[in-house]
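Enquirer: Next comes target_23.txt, compact mmCIF, C-alpha atoms:
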# COMPACT_ATOMS: atom_id res chain seq x y z
CA MET A 1 -151.58 147.57 137.15
CA ALA A 2 -152.57 147.21 133.51
CA ALA A 3 -150.10 145.47 131.26
CA LEU A 4 -147.77 147.58 129.17
CA GLU A 5 -149.08 146.80 125.70
CA TRP A 6 -146.90 146.75 122.63
CA GLN A 7 -147.87 149.50 120.24
CA LEU A 8 -146.91 150.57 116.76
CA GLY A 9 -145.27 153.91 116.22
CA THR A 10 -144.29 155.65 113.01
CA VAL A 11 -140.89 157.23 112.53
CA THR A 12 -141.57 160.84 111.59
CA THR A 13 -138.09 162.36 111.71
CA ILE A 14 -134.54 161.04 111.93
CA GLN A 15 -132.04 163.57 113.10
CA PRO A 16 -128.28 162.96 113.24
CA GLU A 17 -126.91 164.28 116.54
CA THR A 18 -123.25 163.28 116.23
CA PRO A 19 -121.36 161.05 113.77
CA LYS A 20 -122.49 158.02 115.79
CA THR A 21 -125.74 159.14 117.37
CA LYS A 22 -129.16 159.68 115.82
CA SER A 23 -132.48 160.77 117.23
CA PHE A 24 -135.66 159.08 116.08
CA TYR A 25 -138.98 160.81 116.53
CA VAL A 26 -141.72 158.21 116.77
CA ALA A 27 -145.38 159.19 116.56
CA LEU A 28 -147.47 157.09 118.95
CA PRO A 29 -151.24 157.44 118.82
CA LYS A 30 -151.75 155.55 122.08
CA TRP A 31 -148.92 156.88 124.27
CA ALA A 32 -150.18 157.46 127.81
CA GLY A 33 -147.33 159.73 128.89
CA HIS A 34 -144.12 159.27 130.83
CA ARG A 35 -141.90 160.89 133.42
CA PRO A 36 -138.51 162.33 132.49
CA GLY A 37 -135.84 159.64 132.87
CA GLN A 38 -138.02 156.68 131.93
CA HIS A 39 -137.30 154.37 129.01
CA ILE A 40 -139.12 152.23 126.50
CA ASP A 41 -138.63 148.70 125.23
CA LEU A 42 -138.25 148.36 121.48
CA ARG A 43 -138.99 145.05 119.75
CA LEU A 44 -137.86 144.08 116.27
CA THR A 45 -139.30 141.14 114.36
CA ALA A 46 -137.69 139.37 111.40
CA PRO A 47 -139.79 137.78 108.63
CA ASP A 48 -139.40 134.31 110.17
CA GLY A 49 -140.65 135.49 113.55
CA TYR A 50 -137.27 135.93 115.23
CA GLN A 51 -137.50 138.80 117.71
CA THR A 52 -135.16 140.80 119.84
CA GLN A 53 -135.67 143.67 122.26
CA ARG A 54 -133.66 146.58 123.61
CA SER A 55 -134.33 149.37 126.09
CA TYR A 56 -133.82 153.01 125.11
CA SER A 57 -134.12 156.10 127.24
CA ILE A 58 -136.72 158.64 126.23
CA ALA A 59 -135.10 161.95 125.31
CA SER A 60 -138.26 163.97 124.87
CA PRO A 61 -140.17 165.54 127.74
CA PRO A 62 -143.74 164.57 128.60
CA GLU A 63 -144.80 167.95 127.22
CA LEU A 64 -144.06 166.76 123.67
CA SER A 65 -147.32 164.93 123.24
CA GLY A 66 -148.13 162.32 120.64
CA GLN A 67 -144.55 161.37 119.96
CA LEU A 68 -141.33 160.28 121.61
CA GLU A 69 -137.76 161.13 120.78
CA LEU A 70 -135.33 158.24 121.15
CA THR A 71 -131.64 159.01 120.84
CA VAL A 72 -129.59 155.97 119.93
CA ASP A 73 -125.83 155.48 119.98
CA LEU A 74 -124.46 153.32 117.17
CA ILE A 75 -122.76 150.25 118.58
CA GLN A 76 -120.63 148.98 115.70
CA ASP A 77 -121.02 145.29 116.41
CA GLY A 78 -124.55 145.65 117.75
CA GLU A 79 -127.67 143.95 116.47
CA VAL A 80 -130.29 146.67 116.88
CA SER A 81 -128.53 150.05 116.76
CA PRO A 82 -126.96 149.42 113.31
CA TYR A 83 -130.43 148.50 112.05
CA LEU A 84 -131.90 151.70 113.45
CA HIS A 85 -129.04 153.81 112.11
CA ASP A 86 -128.60 152.25 108.68
CA VAL A 87 -131.94 150.72 107.69
CA VAL A 88 -134.79 152.57 109.37
CA MET A 89 -136.24 155.45 107.36
CA GLN A 90 -138.88 158.06 107.88
CA GLY A 91 -142.27 156.40 107.64
CA ASP A 92 -141.13 153.04 108.98
CA GLN A 93 -143.00 151.48 111.84
CA LEU A 94 -141.43 150.53 115.15
CA GLU A 95 -142.98 148.39 117.84
CA LEU A 96 -142.47 149.53 121.40
CA ARG A 97 -143.98 149.60 124.87
CA GLY A 98 -143.55 151.67 127.95
CA PRO A 99 -142.90 153.77 129.83
CA VAL A 100 -140.66 151.63 132.01
CA GLY A 101 -138.74 152.47 135.17
CA GLY A 102 -139.92 154.41 138.17
CA TYR A 103 -136.63 155.07 139.91
CA PHE A 104 -134.38 157.16 137.65
CA VAL A 105 -137.00 159.85 137.21
CA TRP A 106 -137.17 163.52 137.97
CA ASP A 107 -139.85 166.08 137.45
CA VAL A 108 -140.44 169.49 138.94
CA THR A 109 -142.53 168.00 141.74
CA VAL A 110 -139.39 166.24 143.01
CA GLY A 111 -137.69 169.60 143.46
CA GLY A 112 -134.06 170.52 143.60
CA PRO A 113 -131.44 171.75 143.44
CA LEU A 114 -130.80 169.37 140.58
CA LEU A 115 -127.38 168.07 139.62
CA LEU A 116 -127.23 165.96 136.48
CA VAL A 117 -124.05 164.13 135.56
CA GLY A 118 -123.85 162.38 132.21
CA GLY A 119 -121.23 160.54 130.24
CA GLY A 120 -121.63 160.01 126.49
CA SER A 121 -125.14 158.92 125.57
CA GLY A 122 -125.92 158.91 129.30
CA VAL A 123 -127.05 162.48 128.67
CA VAL A 124 -130.23 161.21 126.97
CA PRO A 125 -132.51 160.70 130.00
CA LEU A 126 -130.99 163.81 131.60
CA MET A 127 -132.04 165.79 128.52
CA ALA A 128 -135.64 164.70 129.07
CA MET A 129 -135.38 166.19 132.56
CA LEU A 130 -133.88 169.48 131.32
CA ARG A 131 -136.44 169.80 128.52
CA HIS A 132 -139.24 169.16 131.00
CA ARG A 133 -137.78 171.72 133.40
CA ALA A 134 -137.67 174.30 130.61
CA ALA A 135 -141.17 173.46 129.38
CA GLN A 136 -142.47 173.98 132.91
CA HIS A 137 -140.62 177.33 133.18
CA SER A 138 -139.17 175.97 136.38
CA THR A 139 -136.56 178.02 138.20
CA ILE A 140 -135.27 175.09 140.24
CA PRO A 141 -131.48 175.53 140.17
CA ALA A 142 -129.98 172.93 137.86
CA ARG A 143 -126.54 172.01 136.62
CA LEU A 144 -125.55 169.51 133.99
CA LEU A 145 -122.00 168.16 134.06
CA TYR A 146 -121.50 166.33 130.79
CA SER A 147 -118.42 164.28 129.96
CA CYS A 148 -117.61 163.90 126.26
CA ARG A 149 -114.55 162.59 124.48
CA THR A 150 -114.33 165.21 121.74
CA PRO A 151 -116.40 168.14 120.43
CA ASP A 152 -117.86 165.79 117.80
CA ASP A 153 -119.34 163.64 120.55
CA VAL A 154 -121.54 166.28 122.18
CA ILE A 155 -125.14 165.16 121.73
CA TYR A 156 -127.71 168.01 121.64
CA ARG A 157 -124.89 170.56 121.46
CA ASP A 158 -126.87 173.41 119.93
CA GLU A 159 -129.90 172.84 122.11
CA LEU A 160 -127.77 172.68 125.27
CA ASN A 161 -126.12 175.97 124.31
CA GLN A 162 -129.49 177.50 123.65
CA LEU A 163 -130.98 176.18 126.93
CA ALA A 164 -128.00 177.35 128.95
CA GLY A 165 -128.28 180.80 127.42
CA SER A 166 -132.01 181.25 127.74
CA VAL A 167 -133.34 179.30 130.70
CA ALA A 168 -133.08 180.74 134.19
CA GLY A 169 -131.08 178.87 136.79
CA LEU A 170 -129.49 176.35 134.45
CA GLU A 171 -125.78 175.89 133.89
CA VAL A 172 -124.28 173.41 131.45
CA LEU A 173 -120.69 172.36 132.07
CA ILE A 174 -118.97 170.12 129.56
CA THR A 175 -115.70 168.34 130.15
CA PHE A 176 -113.71 166.96 127.22
CA THR A 177 -111.71 163.87 128.06
CA ARG A 178 -109.73 163.41 124.83
CA GLN A 179 -109.79 166.56 122.80
CA ALA A 180 -111.31 169.96 123.52
CA PRO A 181 -112.30 172.58 120.96
CA ALA A 182 -109.68 175.20 120.13
CA GLY A 183 -109.59 177.90 122.76
CA TRP A 184 -111.62 175.85 125.25
CA THR A 185 -111.30 177.19 128.78
CA GLY A 186 -113.56 174.69 130.50
CA TYR A 187 -112.82 171.27 131.96
CA GLN A 188 -110.53 168.94 130.00
CA ARG A 189 -110.28 165.76 132.02
CA ARG A 190 -112.30 162.88 133.34
CA ILE A 191 -114.72 163.80 136.11
CA ASP A 192 -112.84 163.74 139.40
CA ALA A 193 -113.39 164.77 142.99
CA ALA A 194 -112.15 168.34 142.50
CA MET A 195 -114.45 168.87 139.51
CA LEU A 196 -117.50 167.42 141.25
CA ASN A 197 -116.75 169.50 144.29
CA GLU A 198 -116.70 172.69 142.23
CA VAL A 199 -119.87 171.79 140.40
CA ILE A 200 -121.86 170.82 143.48
CA THR A 201 -120.65 173.60 145.78
CA PRO A 202 -123.52 176.02 145.09
CA PHE A 203 -126.01 173.23 145.86
CA GLY A 204 -124.34 171.50 148.79
CA THR A 205 -125.43 168.12 150.01
CA SER A 206 -129.11 168.87 149.49
CA ALA A 207 -128.69 168.36 145.74
CA ARG A 208 -130.77 165.72 144.03
CA THR A 209 -128.35 164.00 141.73
CA TYR A 210 -128.91 161.84 138.66
CA VAL A 211 -125.88 160.13 137.18
CA CYS A 212 -126.09 158.25 133.88
CA GLY A 213 -123.34 156.87 131.69
CA PRO A 214 -120.87 154.06 131.29
CA THR A 215 -120.48 151.90 134.38
CA LEU A 216 -117.02 153.11 135.33
CA LEU A 217 -118.04 156.77 135.20
CA VAL A 218 -121.20 156.15 137.20
CA GLU A 219 -119.42 154.03 139.83
CA SER A 220 -116.76 156.68 140.26
CA VAL A 221 -119.12 159.67 140.38
CA ALA A 222 -121.63 157.97 142.69
CA ASN A 223 -118.88 156.93 145.11
CA LEU A 224 -117.45 160.46 145.12
CA LEU A 225 -120.86 162.02 145.75
CA VAL A 226 -121.51 159.70 148.68
CA GLY A 227 -118.02 160.50 149.96
CA MET A 228 -118.92 164.20 149.85
CA GLY A 229 -121.76 163.54 152.23
CA LEU A 230 -124.73 163.18 149.90
CA PRO A 231 -127.28 160.71 151.22
CA ALA A 232 -127.18 157.60 149.03
CA ASP A 233 -130.90 157.82 148.37
CA ARG A 234 -130.35 161.17 146.64
CA VAL A 235 -127.77 159.73 144.27
CA HIS A 236 -129.79 158.17 141.46
CA THR A 237 -127.83 156.13 138.99
CA GLU A 238 -128.31 154.50 135.66
CA ARG A 239 -125.40 152.49 134.32
CA PHE A 240 -124.77 150.93 130.96
CA GLY A 241 -122.12 148.54 129.82
CA PRO A 242 -119.84 146.16 131.65
CA THR A 243 -117.20 146.67 134.26
CA GLY A 244 -113.69 147.22 133.02
CA SER A 245 -114.50 148.56 129.57
CA MET B 1 -152.84 143.37 116.70
CA ALA B 2 -151.42 142.32 113.37
CA ARG B 3 -147.84 141.43 113.87
CA LEU B 4 -145.33 143.88 112.56
CA ILE B 5 -142.44 142.64 110.49
CA SER B 6 -139.64 145.15 110.97
CA ARG B 7 -138.79 146.15 107.41
CA GLY B 8 -135.30 145.01 106.49
CA PHE B 9 -134.55 143.44 109.87
CA LEU B 10 -132.93 140.04 109.73
CA GLY B 11 -131.48 139.77 113.22
CA ARG B 12 -128.37 138.18 114.48
CA ARG B 13 -128.90 134.48 115.06
CA ARG B 14 -126.83 132.52 117.47
CA PRO B 15 -126.10 128.84 117.03
CA PRO B 16 -129.21 126.81 117.94
CA GLU B 17 -127.59 125.44 121.10
CA VAL B 18 -127.14 129.03 122.30
CA GLU B 19 -130.45 130.34 120.95
CA LYS B 20 -132.42 127.77 122.92
CA ARG B 21 -130.82 129.00 126.16
CA LEU B 22 -131.92 132.61 125.58
CA PRO B 23 -135.31 133.43 127.13
CA PRO B 24 -137.73 135.40 124.91
CA GLY B 25 -136.58 138.93 124.08
CA GLN B 26 -133.10 138.37 125.53
CA TYR B 27 -129.75 138.77 123.78
CA LEU B 28 -126.41 137.19 124.55
CA VAL B 29 -123.59 139.08 126.24
CA THR B 30 -120.13 137.82 127.03
CA ASP B 31 -119.16 140.74 129.27
CA PHE B 32 -120.88 141.38 132.59
CA PRO B 33 -123.03 144.53 132.60
CA VAL B 34 -123.64 146.36 135.87
CA LEU B 35 -127.16 147.48 136.72
CA SER B 36 -127.85 148.88 140.16
CA ALA B 37 -130.11 151.54 141.59
CA GLY B 38 -127.92 154.01 143.43
CA PRO B 39 -124.33 154.09 144.61
CA THR B 40 -122.44 150.91 145.36
CA PRO B 41 -122.26 150.36 149.14
CA HIS B 42 -118.88 149.48 150.58
CA THR B 43 -119.54 147.80 153.90
CA PRO B 44 -116.36 146.70 155.70
CA LEU B 45 -116.33 142.96 156.36
CA ASP B 46 -115.92 143.49 160.11
CA ARG B 47 -119.27 145.28 160.08
CA TRP B 48 -120.97 142.78 157.78
CA SER B 49 -123.47 140.25 159.05
CA PHE B 50 -126.12 138.06 157.54
CA ARG B 51 -129.43 137.76 159.33
CA ILE B 52 -132.53 135.62 159.02
CA ASP B 53 -135.53 137.13 160.79
CA GLY B 54 -139.21 137.87 160.46
CA LEU B 55 -141.57 134.92 160.89
CA VAL B 56 -139.02 132.57 162.44
CA LYS B 57 -138.92 131.16 165.95
CA SER B 58 -135.59 132.82 166.73
CA PRO B 59 -133.66 135.09 164.37
CA VAL B 60 -130.12 134.01 163.49
CA SER B 61 -127.13 136.02 162.41
CA TRP B 62 -123.65 135.22 161.09
CA SER B 63 -120.58 137.42 161.07
CA TRP B 64 -118.40 137.36 157.94
CA PRO B 65 -115.93 134.84 159.45
CA GLU B 66 -118.83 132.66 160.61
CA PHE B 67 -120.45 132.84 157.20
CA GLN B 68 -117.19 131.76 155.56
CA LYS B 69 -117.23 128.58 157.63
CA LEU B 70 -120.60 127.46 156.26
CA PRO B 71 -120.44 124.71 153.64
CA THR B 72 -120.48 126.07 150.12
CA GLU B 73 -121.45 124.86 146.69
CA THR B 74 -120.14 125.89 143.31
CA VAL B 75 -122.67 126.27 140.55
CA THR B 76 -122.51 127.27 136.89
CA VAL B 77 -125.73 128.89 135.73
CA ASP B 78 -127.18 131.17 133.05
CA ILE B 79 -128.41 134.57 134.23
CA SER B 80 -130.92 136.92 132.58
CA CYS B 81 -131.35 140.60 133.37
CA VAL B 82 -134.70 142.29 132.72
CA THR B 83 -132.75 144.91 130.73
CA LYS B 84 -132.49 142.16 128.07
CA TRP B 85 -129.04 140.63 128.44
CA THR B 86 -128.37 137.00 129.18
CA LYS B 87 -124.99 135.67 130.22
CA LEU B 88 -124.33 131.95 129.96
CA ASP B 89 -122.32 129.71 132.25
CA THR B 90 -121.61 132.08 135.09
CA LYS B 91 -119.73 130.40 137.92
CA TRP B 92 -120.55 131.20 141.53
CA ARG B 93 -119.57 129.87 144.92
CA GLY B 94 -121.81 130.41 147.88
CA VAL B 95 -124.03 129.02 150.59
CA THR B 96 -127.41 127.63 149.59
CA VAL B 97 -130.52 128.93 151.27
CA ASP B 98 -131.15 125.30 152.29
CA THR B 99 -127.92 125.37 154.28
CA LEU B 100 -128.77 128.73 155.84
CA LEU B 101 -132.17 127.46 156.93
CA LYS B 102 -130.81 124.43 158.72
CA GLY B 103 -131.62 124.97 162.36
CA VAL B 104 -133.99 127.86 161.60
CA GLU B 105 -137.55 127.18 162.60
CA VAL B 106 -139.74 129.03 160.10
CA ASP B 107 -143.32 129.83 161.08
CA PRO B 108 -145.57 127.80 158.73
CA ALA B 109 -147.15 131.09 157.64
CA GLY B 110 -143.78 132.43 156.50
CA GLN B 111 -144.06 131.36 152.87
CA TYR B 112 -142.56 134.54 151.41
CA VAL B 113 -139.12 136.03 151.78
CA MET B 114 -137.88 139.60 151.46
CA ALA B 115 -134.16 139.75 150.72
CA PHE B 116 -132.70 142.96 152.13
CA SER B 117 -129.42 144.65 151.33
CA ASP B 118 -127.03 147.40 152.23
CA GLY B 119 -128.28 150.62 150.70
CA GLY B 120 -131.91 149.73 151.39
CA TYR B 121 -132.53 147.51 148.35
CA THR B 122 -135.15 144.79 148.78
CA THR B 123 -136.64 142.09 146.59
CA ASN B 124 -139.33 139.49 147.30
CA VAL B 125 -139.12 135.79 146.44
CA PRO B 126 -141.50 133.01 147.47
CA LEU B 127 -139.80 130.58 149.85
CA ASN B 128 -140.54 127.63 147.58
CA GLU B 129 -138.38 129.26 144.88
CA LEU B 130 -135.37 129.66 147.16
CA ILE B 131 -135.10 126.17 148.58
CA ASN B 132 -134.03 122.86 147.04
CA GLY B 133 -130.89 124.40 145.63
CA GLN B 134 -132.68 127.19 143.76
CA GLY B 135 -131.19 130.10 145.69
CA PHE B 136 -127.86 130.78 147.34
CA VAL B 137 -125.82 133.59 148.82
CA ALA B 138 -122.69 133.87 146.70
CA TYR B 139 -119.42 135.55 147.61
CA GLU B 140 -117.22 134.31 144.77
CA PHE B 141 -117.67 134.86 141.05
CA ASP B 142 -115.34 133.08 138.63
CA ASP B 143 -113.18 131.83 141.51
CA LYS B 144 -112.53 135.34 142.78
CA PRO B 145 -114.12 137.43 145.53
CA LEU B 146 -117.29 139.03 144.21
CA PRO B 147 -116.49 142.67 143.24
CA PRO B 148 -118.58 145.39 144.92
CA GLU B 149 -120.18 146.60 141.69
CA HIS B 150 -121.48 143.08 141.07
CA GLY B 151 -122.86 142.84 144.59
CA GLY B 152 -119.91 141.91 146.75
CA PRO B 153 -119.12 141.03 149.38
CA ALA B 154 -122.15 138.76 148.95
CA ARG B 155 -125.27 138.66 146.82
CA LEU B 156 -128.29 136.47 146.48
CA VAL B 157 -128.31 134.37 143.31
CA VAL B 158 -131.64 132.99 142.11
CA PRO B 159 -130.78 132.16 138.52
CA HIS B 160 -134.21 131.01 137.39
CA LEU B 161 -135.66 134.50 137.94
CA TYR B 162 -134.67 137.84 136.36
CA PHE B 163 -131.47 138.99 137.94
CA TRP B 164 -132.96 141.90 139.90
CA LYS B 165 -134.20 139.15 142.25
CA SER B 166 -130.58 138.23 142.91
CA ALA B 167 -130.12 141.03 145.43
CA LYS B 168 -126.67 142.60 145.47
CA TRP B 169 -125.02 143.45 148.83
CA ILE B 170 -127.42 141.14 150.60
CA ARG B 171 -127.55 141.28 154.40
CA GLY B 172 -130.41 138.98 155.16
CA LEU B 173 -133.70 137.24 154.51
CA ARG B 174 -136.91 138.28 156.21
CA PHE B 175 -139.79 135.80 156.34
CA MET B 176 -143.25 137.19 155.65
CA ASP B 177 -146.78 135.79 155.46
CA ARG B 178 -147.57 137.91 152.36
CA ASN B 179 -145.83 138.35 149.04
CA ASP B 180 -145.03 142.02 149.67
CA PRO B 181 -143.28 143.78 146.78
CA GLY B 182 -139.64 144.78 147.07
CA PHE B 183 -137.89 147.77 145.47
CA TRP B 184 -138.34 147.17 141.75
CA GLU B 185 -141.56 145.25 142.30
CA SER B 186 -143.00 148.48 143.74
CA LEU B 187 -141.83 150.45 140.69
CA GLY B 188 -143.68 148.62 137.94
CA TYR B 189 -141.64 145.43 137.66
CA HIS B 190 -143.23 142.01 137.88
CA ILE B 191 -143.91 140.52 141.30
CA HIS B 192 -142.46 137.15 140.23
CA GLY B 193 -140.03 137.69 137.32
CA ASP B 194 -139.68 134.43 135.38
CA PRO B 195 -137.63 135.17 132.23
CA TRP B 196 -139.03 132.17 130.36
CA LYS B 197 -142.55 133.55 130.83
CA GLU B 198 -141.20 137.05 130.11
CA GLU B 199 -142.58 138.40 133.38
CA ARG B 200 -140.81 141.75 133.09
CA TYR B 201 -143.39 144.28 134.23
CA SER B 202 -146.60 144.34 136.26
CA GLY B 203 -149.35 142.83 134.17
CA ASP B 204 -147.05 140.76 131.93
When written as structure tokens, how does the structure in this file appear?

Expert:
Amino acid sequence: MAALEWQLGTVTTIQPETPKTKSFYVALPKWAGHRPGQHIDLRLTAPDGYQTQRSYSIASPPELSGQLELTVDLIQDGEVSPYLHDVVMQGDQLELRGPVGGYFVWDVTVGGPLLLVGGGSGVVPLMAMLRHRAAQHSTIPARLLYSCRTPDDVIYRDELNQLAGSVAGLEVLITFTRQAPAGWTGYQRRIDAAMLNEVITPFGTSARTYVCGPTLLVESVANLLVGMGLPADRVHTERFGPTGS
Amino acid sequence: MARLISRGFLGRRRPPEVEKRLPPGQYLVTDFPVLSAGPTPHTPLDRWSFRIDGLVKSPVSWSWPEFQKLPTETVTVDISCVTKWTKLDTKWRGVTVDTLLKGVEVDPAGQYVMAFSDGGYTTNVPLNELINGQGFVAYEFDDKPLPPEHGGPARLVVPHLYFWKSAKWIRGLRFMDRNDPGFWESLGYHIHGDPWKEERYSGD
């Protein structure tokens, strides 16, 4: 396989998603395409040659050609995300390579029914899948169960509302773990067995599931899904962060 | 390609004694991130075994109690994950591959090993990078039983390679005469995975 070459992209748009999350649209003249769920490696270089790298999930679907959307959570004591949030401006160049990862991927050829479970910024690669599904006018039944702390923390809120209202066969279910909007009648707790059971019931154990979020959420959800009888090879996971946090 | 200087990026430097222990492109963590493909298996210890098979004269297998009786070593090593984090001075207790291979007659053609795990995970390592103290099967981390999400009850530890080579939930080693790719190696990751050469992906 040919090496994944580093390439220069240009930041075309920076869009705040939540108070601590921004999306960066990066134009890439040489991008060869990706599958929904894959990520890129980003490399920053200081004037003295010091470099560091991070991986970020791709939020945009393959159908958005010529550019990628990267949605980045601000980690207060981080090295790279504060730079992206506070320093990078439209027109800046970013060095990246990819796509990377061939496991946590879904496209319409994989089929369904499709159950996506995300926590916090874990929704980012799942969004690439939903955007791809919509762009393909797929009617594969799909559900997104999305755990957020507060209404302010919902990434892609307007677009999710719009997708859920306009795309056939898609349901978006949000659960608020700290504070729900006034008048909220949906879920208001951490994802548990009863909630997963309700969400997966229409699909049964044939669902293809993709779970992305903080380690504790992913461990818990993946264990529950296996306990419900889903074959482990249909429970795709992507974890971030340490145990116990 | 002309090298890009990232406008306004200064970076967070670590003290030189730390910086020199970080392979290229890696950053330091003090917590212990969890990266695994798929759900965490929970195999009861009374159904656990460790097997050496493939190109060997006779396959061998240990039950959990038998495995616990094998002589162990405690090592403190730095580990680097291909997702960019490096953790220094991690302390493990386990059985070296050298110890496991005592009494196993390996076919001279069996120069490659596939580690295999509960849940179907596999990863390939050349035999000459597992012996002479380079690889071991660990069941304690930081003086405590290895937690399931970090690969317990037992995982392979090959600290000089990216940590995906250190197969979680390991159940055995299979000797092969070819360097067949394992799970991640079949999905675009490097066949070898040396962090100091930054062998992250195929073609690196």

Enquirer: Could you list, as number ranges by chain, every residue within 12 Å of Met127 of chain A, counting only C-alpha atoms and ignoring same-chain residues fewer than 2 positions away?

Expert: A: 36-38, 57-62, 69-71, 105-107, 116-118, 121-125, 129-135, 142-146, 155-157, 159-160, 163, 172, 210, 212

Enquirer: Write out as CSV a residue-level contact list of chain B versus chain A with cut-off 9 Å: for each qualifying residue the closest pair of atoms and the distance in Å to one decimal, counting only C-alpha atoms, rows sorted by chain and residue number upward.

Expert:
residue,atom,partner,partner_atom,distance
B:Met1,CA,A:Gln7,CA,8.6
B:Arg3,CA,A:Thr45,CA,8.6
B:Leu4,CA,A:Thr45,CA,6.9
B:Ile5,CA,A:Thr45,CA,5.2
B:Ser6,CA,A:Thr45,CA,5.3
B:Arg7,CA,A:Asp92,CA,7.4
B:Gly8,CA,A:Val87,CA,6.7
B:Phe9,CA,A:Ala46,CA,5.4
B:Leu10,CA,A:Ala46,CA,5.1
B:Gly11,CA,A:Ala46,CA,6.5
B:Arg12,CA,A:Glu79,CA,6.1
B:Arg13,CA,A:Tyr50,CA,8.5
B:Pro24,CA,A:Thr52,CA,7.8
B:Gly25,CA,A:Thr52,CA,4.8
B:Gln26,CA,A:Thr52,CA,6.5
B:Tyr27,CA,A:Thr52,CA,7.0
B:Asp31,CA,A:Pro242,CA,6.0
B:Phe32,CA,A:Pro242,CA,5.0
B:Pro33,CA,A:Pro242,CA,3.7
B:Val34,CA,A:Pro242,CA,5.7
B:Leu35,CA,A:Arg239,CA,5.8
B:Ser36,CA,A:Glu238,CA,7.2
B:Ala37,CA,A:Thr237,CA,5.7
B:Gly38,CA,A:Thr237,CA,4.9
B:Pro39,CA,A:Ala222,CA,5.1
B:Thr40,CA,A:Asn223,CA,7.0
B:Pro41,CA,A:Asn223,CA,8.4
B:Thr83,CA,A:Ser55,CA,6.6
B:Lys84,CA,A:Arg54,CA,6.4
B:Trp85,CA,A:Arg54,CA,8.9
B:Gly119,CA,A:Ala232,CA,7.3
B:Gly120,CA,A:Asp233,CA,8.7
B:Glu149,CA,A:Glu219,CA,7.7
B:His150,CA,A:Thr243,CA,8.8
B:Trp184,CA,A:Gly102,CA,8.2
B:Ser186,CA,A:Gly102,CA,8.7
B:Leu187,CA,A:Gly102,CA,5.1
B:Gly188,CA,A:Gly101,CA,6.8
B:Tyr189,CA,A:Gly101,CA,8.0
B:Tyr201,CA,A:Ala3,CA,7.4
B:Ser202,CA,A:Met1,CA,6.0
B:Gly203,CA,A:Ala3,CA,4.0
B:Asp204,CA,A:Ala3,CA,5.7

Enquirer: Tell me, in Å to one decimal, how far atom CA of Tyr25 of chain A is from atom CA of Gly213 of chain A.

Expert: 22.1 Å

Enquirer: When you draw a straight line from atom CA of Thr139 of chain A to atom CA of Leu115 of chain A, how long is it in Å?

Expert: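 Between these atoms lies a distance of 13.6 Å.
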
Enquirer: Between atom CA of Pro126 of chain B and atom CA of Ile191 of chain B, what distance in Å does the model show, to one decimal?

Expert: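 Calculated distance between atom CA of Pro126 of chain B and atom CA of Ile191 of chain B is 10.0 Å.
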
Enquirer: Name the residues within 6 Å of (-128.3, 166.4, 151.0), counting only C-alpha atoms in the file's coordinates, and put them as a PDB file with C-alpha atoms, in the frame of the given file.

Expert:
ATOM      1  CA  THR A 205    -125.430 168.120 150.010  1.00  0.00           C
ATOM      2  CA  SER A 206    -129.110 168.870 149.490  1.00  0.00           C
ATOM      3  CA  ALA A 207    -128.690 168.360 145.740  1.00  0.00           C
ATOM      4  CA  LEU A 230    -124.730 163.180 149.900  1.00  0.00           C
ATOM      5  CA  PRO A 231    -127.280 160.710 151.220  1.00  0.00           C
TER       6      PRO A 231
END

Enquirer: Which residues come within 10 Å of Gly186 of chain A, counting all atoms listed in the file, excluding same-chain residues fewer than 2 positions away, as a count of residues only?

Expert: 10

Enquirer: Fix up segment 208-216 of chain A with N, CA and C atoms, then write it as a compact mmCIF listing (two decimals), in the coordinates of the input.

Expert:
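After the write, out_39.txt holds the following:
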# COMPACT_ATOMS: atom_id res chain seq x y z
N ARG A 208 -130.24 166.99 144.54
CA ARG A 208 -130.77 165.72 144.03
C ARG A 208 -129.96 165.40 142.78
N THR A 209 -129.29 164.28 142.80
CA THR A 209 -128.35 164.00 141.73
C THR A 209 -128.79 162.80 140.90
N TYR A 210 -128.58 162.90 139.61
CA TYR A 210 -128.91 161.84 138.66
C TYR A 210 -127.67 161.63 137.79
N VAL A 211 -127.14 160.43 137.84
CA VAL A 211 -125.88 160.13 137.18
C VAL A 211 -126.14 159.01 136.17
N CYS A 212 -125.83 159.27 134.90
CA CYS A 212 -126.09 158.25 133.88
C CYS A 212 -124.92 158.21 132.91
N GLY A 213 -124.45 157.01 132.63
CA GLY A 213 -123.34 156.87 131.69
C GLY A 213 -122.73 155.49 131.78
N PRO A 214 -121.55 155.34 131.21
CA PRO A 214 -120.87 154.06 131.29
C PRO A 214 -120.60 153.68 132.75
N THR A 215 -120.57 152.39 133.02
CA THR A 215 -120.48 151.90 134.38
C THR A 215 -119.33 152.52 135.17
N LEU A 216 -118.16 152.62 134.56
CA LEU A 216 -117.02 153.11 135.33
C LEU A 216 -117.22 154.56 135.75
